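Asker: I have a structure here, written as structure tokens, and I will follow up with some questions on it.
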Amino acid sequence: MSALLQVRGVSRHYGPRIGCEDVSFELHPGELLCIVGESGSGKSTLLNTVAAQLSPTAGSVRYRQRNGGWLDLAALSEADRRRLAREEWGFVTQNPRDGLRLNVSAGANVAERLMALGMRNYSQLRAIARGWLERVEIDPSRIDDAPTSFSGGMQQRLQIARTLVTQPRLVFMDEPTAGLDVSVQARILDLLRRLVNELGLAAVMVTHDLAVARLLAARTLVMQGGRVVETGLTDQILDDPQHPYTQLLVSSVLTT
Amino acid sequence: MTAALMLELRDLSKSFELHHQHGARLNVLRGIDLRLHAGECVVLSGPSGAGKSTLLRVIYANYRPSFGAVHVRHDERWIDLAKATPHEVLEVRRRTLAYVSQFLRVIPRVPALDIVAEPLLQMGVDEPEARRRAGDLLRRLNVPERLWALPPSTFSGGEQQRVNIARGLIARRPILLLDEPTASLDVENRNVVAQLLAEARADGSAVLGIFHDEDMRDRVATRLFPMQALEAA
Ligand SMILES: Nc1ncnc2c1ncn2[C@@H]1O[C@H](COP(=O)(O)OP(=O)(O)OP(=O)(O)O)[C@@H](O)[C@H]1O
Ligand SMILES: [Mg+2]
């Protein structure tokens, strides 16, 4: 099977400091890859670089478009990059307030990305938004409420609906469940698990939580100090970790 | 006609290097050679700590072998799982290699019926059909219908084990790895499992398992593969 995303030797430095260094991986269609590691290990830098929100200091990121052609992200114009983010990608941020528009209603948050794709029919937009609120288990009668009136878990589910409504081919997620109660987390993880299966999404997800990787990702990449120290099947990495850092990470959690 | 060779282990070794235990090295398997044919049920025997579970996990590619080869017949070609890419391993697991451990790993909020149906969905069976077959199998394993819509986290040990067996056996895969799948089952349910394994074998599956219960072992095994701990050997 041909890859959807090809990351080759990517580094991103902040002046003299290393964000991430010499990272390579491929992502296939329908596959969810987790990037794990403790805070400061370069996970978000890598994610943002791969998602073309930061430009790499070295290396290349290539993306295979819907029409089958490969795009070199470094060669994209700003307009093309925005088109890609609008039409083919999605991004879920750790803090839903960064990914939502707080001054418009929940329904408008979901409909907005569809409108950006040219859909104009009001009643159709409203019906789709309503359907997506249900799908992420938000009472559709809240469609006209502002997201500021929602709990953190609801806001995160709304952000997921807003992101997935356009049926992106590739989704980037940065710690989508961090900072939420365990029971709220379980609900969001279950939702993501189902939607990823139903929609056949490909996704790259950053998490510091190994249990999240176990639940969602067939493959995992372990980072330390900006470098990938171990990569492979998630169950292999968690049950038979090879690198000293991964062994430490695995033995530090209570249950995975 | 001789039965087809399905799995061949050659000179397989496994050690664990524990970097945070003063670099201790634990040698668990050394020089294992094993051939498994369609229709066979080979039972790993030996004392606790002999490495039986480790061997099954290495075959499933849950553990990485330190040395040697794990040749698996996948469709009509042979793949060495010791060298396979993660994507190849996933494909082999999806269609060729099933693994049932002693304990069900429950997924929060996912009902028992869906847990059992999932391997069928991954093989492309449509949802109503997958759920129907999952229900049939759970019924055969005497899991009460009122439990099917519930996540198994609150089930008894034996109920969880039966959900786990159902998940492992529902999609027919040519090689079955079983790690004490009947440890917490009563006699009646052990009988059902023995029957299911006999059907799988008759259907051409090759079974490699661990059964501590002697009665169960005698009933399902066509051959024993004795193992002992390396330090004692
Ligand atoms: N992931 C692991 N990391 C480190 N050591 C391990 C790991 N898995 C197994 N071992 C070690 O390998 C040895 C063999 O264990 P294994 O579970 O394979 O034995 P077994 O024959 O299945 O025993 P039992 O009959 O008690 O289930 C033990 O010393 C165990 O501690
Ligand atoms: Mg064992």
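Letters A, B, ... go to the chains of the structure tokens in the order shown; residues in each chain start at 1; ligands are counted from 1 in the same order.
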Would you give me, as a ChimeraX atom specification, the residues in region 12-121 of chain B that DSSP reads as strand (DSSP E or B)?

Answerer: /B:12-18,24-37,41-45,67-74,77-80,97-100

Asker: With the cut-off set at 10 Å and counting only C-alpha atoms and all ligand atoms, tabulate each residue of chain B with an atom at most that distance from an atom of ligand 1, showing the nearest atom pair and its distance in Å to one decimal, ordered by chain and increasing number, as JSON lines.

Answerer:
{"residue": "B:Lys14", "atom": "CA", "partner": "ligand 1", "partner_atom_place_in_ligand_line": "12 (O)", "distance": 8.9}
{"residue": "B:Ser15", "atom": "CA", "partner": "ligand 1", "partner_atom_place_in_ligand_line": "5 (N)", "distance": 8.0}
{"residue": "B:Phe16", "atom": "CA", "partner": "ligand 1", "partner_atom_place_in_ligand_line": "4 (C)", "distance": 5.4}
{"residue": "B:Glu17", "atom": "CA", "partner": "ligand 1", "partner_atom_place_in_ligand_line": "4 (C)", "distance": 7.6}
{"residue": "B:Leu18", "atom": "CA", "partner": "ligand 1", "partner_atom_place_in_ligand_line": "4 (C)", "distance": 7.1}
{"residue": "B:Arg25", "atom": "CA", "partner": "ligand 1", "partner_atom_place_in_ligand_line": "4 (C)", "distance": 9.1}
{"residue": "B:Leu26", "atom": "CA", "partner": "ligand 1", "partner_atom_place_in_ligand_line": "5 (N)", "distance": 6.8}
{"residue": "B:Asn27", "atom": "CA", "partner": "ligand 1", "partner_atom_place_in_ligand_line": "12 (O)", "distance": 7.7}
{"residue": "B:Val28", "atom": "CA", "partner": "ligand 1", "partner_atom_place_in_ligand_line": "12 (O)", "distance": 5.3}
{"residue": "B:Leu29", "atom": "CA", "partner": "ligand 1", "partner_atom_place_in_ligand_line": "14 (C)", "distance": 8.3}
{"residue": "B:Leu44", "atom": "CA", "partner": "ligand 1", "partner_atom_place_in_ligand_line": "21 (O)", "distance": 8.5}
{"residue": "B:Ser45", "atom": "CA", "partner": "ligand 1", "partner_atom_place_in_ligand_line": "21 (O)", "distance": 8.0}
{"residue": "B:Gly46", "atom": "CA", "partner": "ligand 1", "partner_atom_place_in_ligand_line": "21 (O)", "distance": 6.6}
{"residue": "B:Pro47", "atom": "CA", "partner": "ligand 1", "partner_atom_place_in_ligand_line": "25 (O)", "distance": 5.7}
{"residue": "B:Ser48", "atom": "CA", "partner": "ligand 1", "partner_atom_place_in_ligand_line": "25 (O)", "distance": 3.4}
{"residue": "B:Gly49", "atom": "CA", "partner": "ligand 1", "partner_atom_place_in_ligand_line": "19 (O)", "distance": 3.5}
{"residue": "B:Ala50", "atom": "CA", "partner": "ligand 1", "partner_atom_place_in_ligand_line": "21 (O)", "distance": 3.8}
{"residue": "B:Gly51", "atom": "CA", "partner": "ligand 1", "partner_atom_place_in_ligand_line": "18 (O)", "distance": 3.1}
{"residue": "B:Lys52", "atom": "CA", "partner": "ligand 1", "partner_atom_place_in_ligand_line": "21 (O)", "distance": 3.7}
{"residue": "B:Ser53", "atom": "CA", "partner": "ligand 1", "partner_atom_place_in_ligand_line": "22 (O)", "distance": 3.7}
{"residue": "B:Thr54", "atom": "CA", "partner": "ligand 1", "partner_atom_place_in_ligand_line": "18 (O)", "distance": 3.6}
{"residue": "B:Leu55", "atom": "CA", "partner": "ligand 1", "partner_atom_place_in_ligand_line": "18 (O)", "distance": 6.4}
{"residue": "B:Leu56", "atom": "CA", "partner": "ligand 1", "partner_atom_place_in_ligand_line": "18 (O)", "distance": 8.1}
{"residue": "B:Arg57", "atom": "CA", "partner": "ligand 1", "partner_atom_place_in_ligand_line": "18 (O)", "distance": 8.4}
{"residue": "B:Val58", "atom": "CA", "partner": "ligand 1", "partner_atom_place_in_ligand_line": "18 (O)", "distance": 9.8}
{"residue": "B:Asn62", "atom": "CA", "partner": "ligand 1", "partner_atom_place_in_ligand_line": "1 (N)", "distance": 9.3}
{"residue": "B:Tyr63", "atom": "CA", "partner": "ligand 1", "partner_atom_place_in_ligand_line": "1 (N)", "distance": 7.4}
{"residue": "B:Gln102", "atom": "CA", "partner": "ligand 1", "partner_atom_place_in_ligand_line": "27 (O)", "distance": 9.6}
{"residue": "B:Asp179", "atom": "CA", "partner": "ligand 1", "partner_atom_place_in_ligand_line": "22 (O)", "distance": 8.0}
{"residue": "B:Glu180", "atom": "CA", "partner": "ligand 1", "partner_atom_place_in_ligand_line": "27 (O)", "distance": 8.2}
{"residue": "B:Ile210", "atom": "CA", "partner": "ligand 1", "partner_atom_place_in_ligand_line": "22 (O)", "distance": 8.0}
{"residue": "B:Phe211", "atom": "CA", "partner": "ligand 1", "partner_atom_place_in_ligand_line": "25 (O)", "distance": 9.1}
{"residue": "B:His212", "atom": "CA", "partner": "ligand 1", "partner_atom_place_in_ligand_line": "25 (O)", "distance": 7.6}
{"residue": "B:Met227", "atom": "CA", "partner": "ligand 1", "partner_atom_place_in_ligand_line": "21 (O)", "distance": 7.9}
{"residue": "B:Gln228", "atom": "CA", "partner": "ligand 1", "partner_atom_place_in_ligand_line": "21 (O)", "distance": 7.8}
{"residue": "B:Ala229", "atom": "CA", "partner": "ligand 1", "partner_atom_place_in_ligand_line": "14 (C)", "distance": 7.4}
{"residue": "B:Leu230", "atom": "CA", "partner": "ligand 1", "partner_atom_place_in_ligand_line": "13 (C)", "distance": 9.3}
{"residue": "B:Glu231", "atom": "CA", "partner": "ligand 1", "partner_atom_place_in_ligand_line": "29 (O)", "distance": 9.8}

Asker: Tell me the residues of chain B close to chain A, meaning within 10 Å using only C-alpha atoms, as JSON, numbers by chain.

Answerer: {"B": [16, 17, 18, 19, 20, 23, 57, 58, 60, 61, 62, 63, 64, 85, 86, 87, 89, 90, 105, 106, 107, 108, 109, 110, 121, 122]}

Asker: Restricting the calculation to only C-alpha atoms, which member of B:Glu214, B:Glu8, B:Glu188, B:Glu40 is positioned closest to Ala202 (chain B)?

Answerer: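 Among B:Glu214, B:Glu8, B:Glu188, B:Glu40, it is B:Glu40 that comes nearest to Ala202 (chain B).
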
Asker: At what distance in Å, to one decimal, does CA of Trp78 (chain B) lie from CA of Leu197 (chain B)?

Answerer: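 For CA of Leu197 (chain B) relative to CA of Trp78 (chain B), the distance reads 24.5 Å.
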
Asker: Identify, on the basis of only C-alpha atoms, every residue whose closest approach to Leu97 (chain B) does not exceed 7 Å; exclude the query and any residue fewer than 4 positions from it along the same chain; express the result as a ChimeraX atom specification.

Answerer: /B:92-93,173-176

Asker: May I have the residues within 12 Å of Asp186 (chain B) as JSON, numbers by chain, using only C-alpha atoms and disregarding those fewer than 2 positions away in the same chain?

Answerer: {"B": [141, 142, 157, 158, 159, 161, 162, 181, 182, 183, 184, 188, 189, 190, 191, 192, 193, 213, 216]}

Asker: Any idea what's packed within 6 Å of region 102-106 of chain A, counting only C-alpha atoms, ignoring anything in its chain fewer than 6 positions away? Could you give it as a VMD selection string?

Answerer: chain A and resid 143 to 147

Asker: Go through region 1-205 of chain B and collect every residue that DSSP, computed from the backbone, puts in alpha helix (DSSP H); the answer should be as a count of residues only.

Answerer: 72

Asker: So that I can check the surroundings of Asp139 (chain A), please list as a list in words every protein, DNA and RNA residue that reaches within 12 Å of it, counting only C-alpha atoms and ignoring chain neighbours fewer than 5 positions away.

Answerer: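 In the requested format, the answer is Ala106, Gly107, Ala129, Arg130, Gly131, Trp132, Leu133, Glu134, Asp144, Asp145, Phe150, Met154, Arg157 and Leu158 of chain A.
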
Asker: One decimal, Å: what's the distance from CA of Val171 (chain A) over to CA of Ala203 (chain A), could you say?

Answerer: 4.6 Å

Asker: Fewer than 4 positions away in the same chain doesn't count, so skip those; otherwise give me all residues within 8 Å of Leu9 (chain B), counting only C-alpha atoms, as a list in words.

Answerer: Ile32, Asp33, Leu34, Arg35, Gly68, Ala69, Val70 and His71 of chain B

Asker: Write the selection just made, keeping all heavy atoms, as a tab-separated table (two decimals), in the first residue's frame?

Answerer:
chain	number	residue	atom	x	y	z
B	32	ILE	N	15.11	-22.57	20.02
B	32	ILE	CA	13.84	-23.30	19.85
B	32	ILE	C	13.59	-23.60	18.36
B	32	ILE	O	13.63	-22.71	17.52
B	32	ILE	CB	12.65	-22.47	20.37
B	32	ILE	CG1	12.86	-22.14	21.85
B	32	ILE	CG2	11.33	-23.17	20.09
B	32	ILE	CD1	12.17	-23.03	22.81
B	33	ASP	N	13.33	-24.85	18.07
B	33	ASP	CA	12.90	-25.27	16.72
B	33	ASP	C	11.54	-25.92	16.86
B	33	ASP	O	11.36	-26.78	17.71
B	33	ASP	CB	13.86	-26.32	16.14
B	33	ASP	CG	15.23	-25.72	15.85
B	33	ASP	OD1	15.30	-24.78	15.03
B	33	ASP	OD2	16.22	-26.18	16.46
B	34	LEU	N	10.61	-25.49	16.05
B	34	LEU	CA	9.26	-26.05	16.16
B	34	LEU	C	8.56	-25.94	14.82
B	34	LEU	O	8.67	-24.92	14.14
B	34	LEU	CB	8.47	-25.29	17.24
B	34	LEU	CG	6.98	-25.57	17.40
B	34	LEU	CD1	6.77	-26.99	17.94
B	34	LEU	CD2	6.35	-24.58	18.37
B	35	ARG	N	7.87	-27.02	14.45
B	35	ARG	CA	7.08	-26.99	13.22
B	35	ARG	C	5.63	-27.32	13.56
B	35	ARG	O	5.36	-28.25	14.30
B	35	ARG	CB	7.62	-28.03	12.22
B	35	ARG	CG	8.96	-27.63	11.61
B	35	ARG	CD	9.74	-28.85	11.14
B	35	ARG	NE	9.10	-29.50	10.01
B	35	ARG	CZ	9.38	-29.22	8.73
B	35	ARG	NH1	10.25	-28.28	8.44
B	35	ARG	NH2	8.79	-29.87	7.77
B	68	GLY	N	17.02	-15.74	15.55
B	68	GLY	CA	16.25	-16.82	14.94
B	68	GLY	C	15.08	-16.31	14.12
B	68	GLY	O	14.90	-15.11	13.94
B	69	ALA	N	14.30	-17.26	13.59
B	69	ALA	CA	13.25	-16.92	12.64
B	69	ALA	C	11.89	-17.46	13.05
B	69	ALA	O	11.79	-18.52	13.66
B	69	ALA	CB	13.62	-17.47	11.26
B	70	VAL	N	10.84	-16.68	12.73
B	70	VAL	CA	9.45	-17.09	12.93
B	70	VAL	C	8.79	-17.08	11.55
B	70	VAL	O	8.26	-16.05	11.11
B	70	VAL	CB	8.72	-16.13	13.88
B	70	VAL	CG1	7.27	-16.55	14.06
B	70	VAL	CG2	9.41	-16.06	15.24
B	71	HIS	N	8.84	-18.23	10.88
B	71	HIS	CA	8.27	-18.29	9.54
B	71	HIS	C	6.79	-18.64	9.62
B	71	HIS	O	6.42	-19.65	10.20
B	71	HIS	CB	8.97	-19.35	8.69
B	71	HIS	CG	10.40	-19.00	8.39
B	71	HIS	ND1	10.74	-17.98	7.53
B	71	HIS	CD2	11.56	-19.52	8.84
B	71	HIS	CE1	12.06	-17.89	7.46
B	71	HIS	NE2	12.58	-18.82	8.25

Asker: Interatomic distance between CA of Pro168 (chain A) and CA of Gly90 (chain A)?

Answerer: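 Between CA of Pro168 (chain A) and CA of Gly90 (chain A) the gap is 5.9 Å.
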
Asker: Can you work out which one of B:Leu36, B:Leu178, B:Ile170, B:Val220 has the shortest atom-to-atom distance to ligand 2, counting only C-alpha atoms and all ligand atoms?

Answerer: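 Among B:Leu36, B:Leu178, B:Ile170, B:Val220, it is B:Leu178 that comes nearest to ligand 2.
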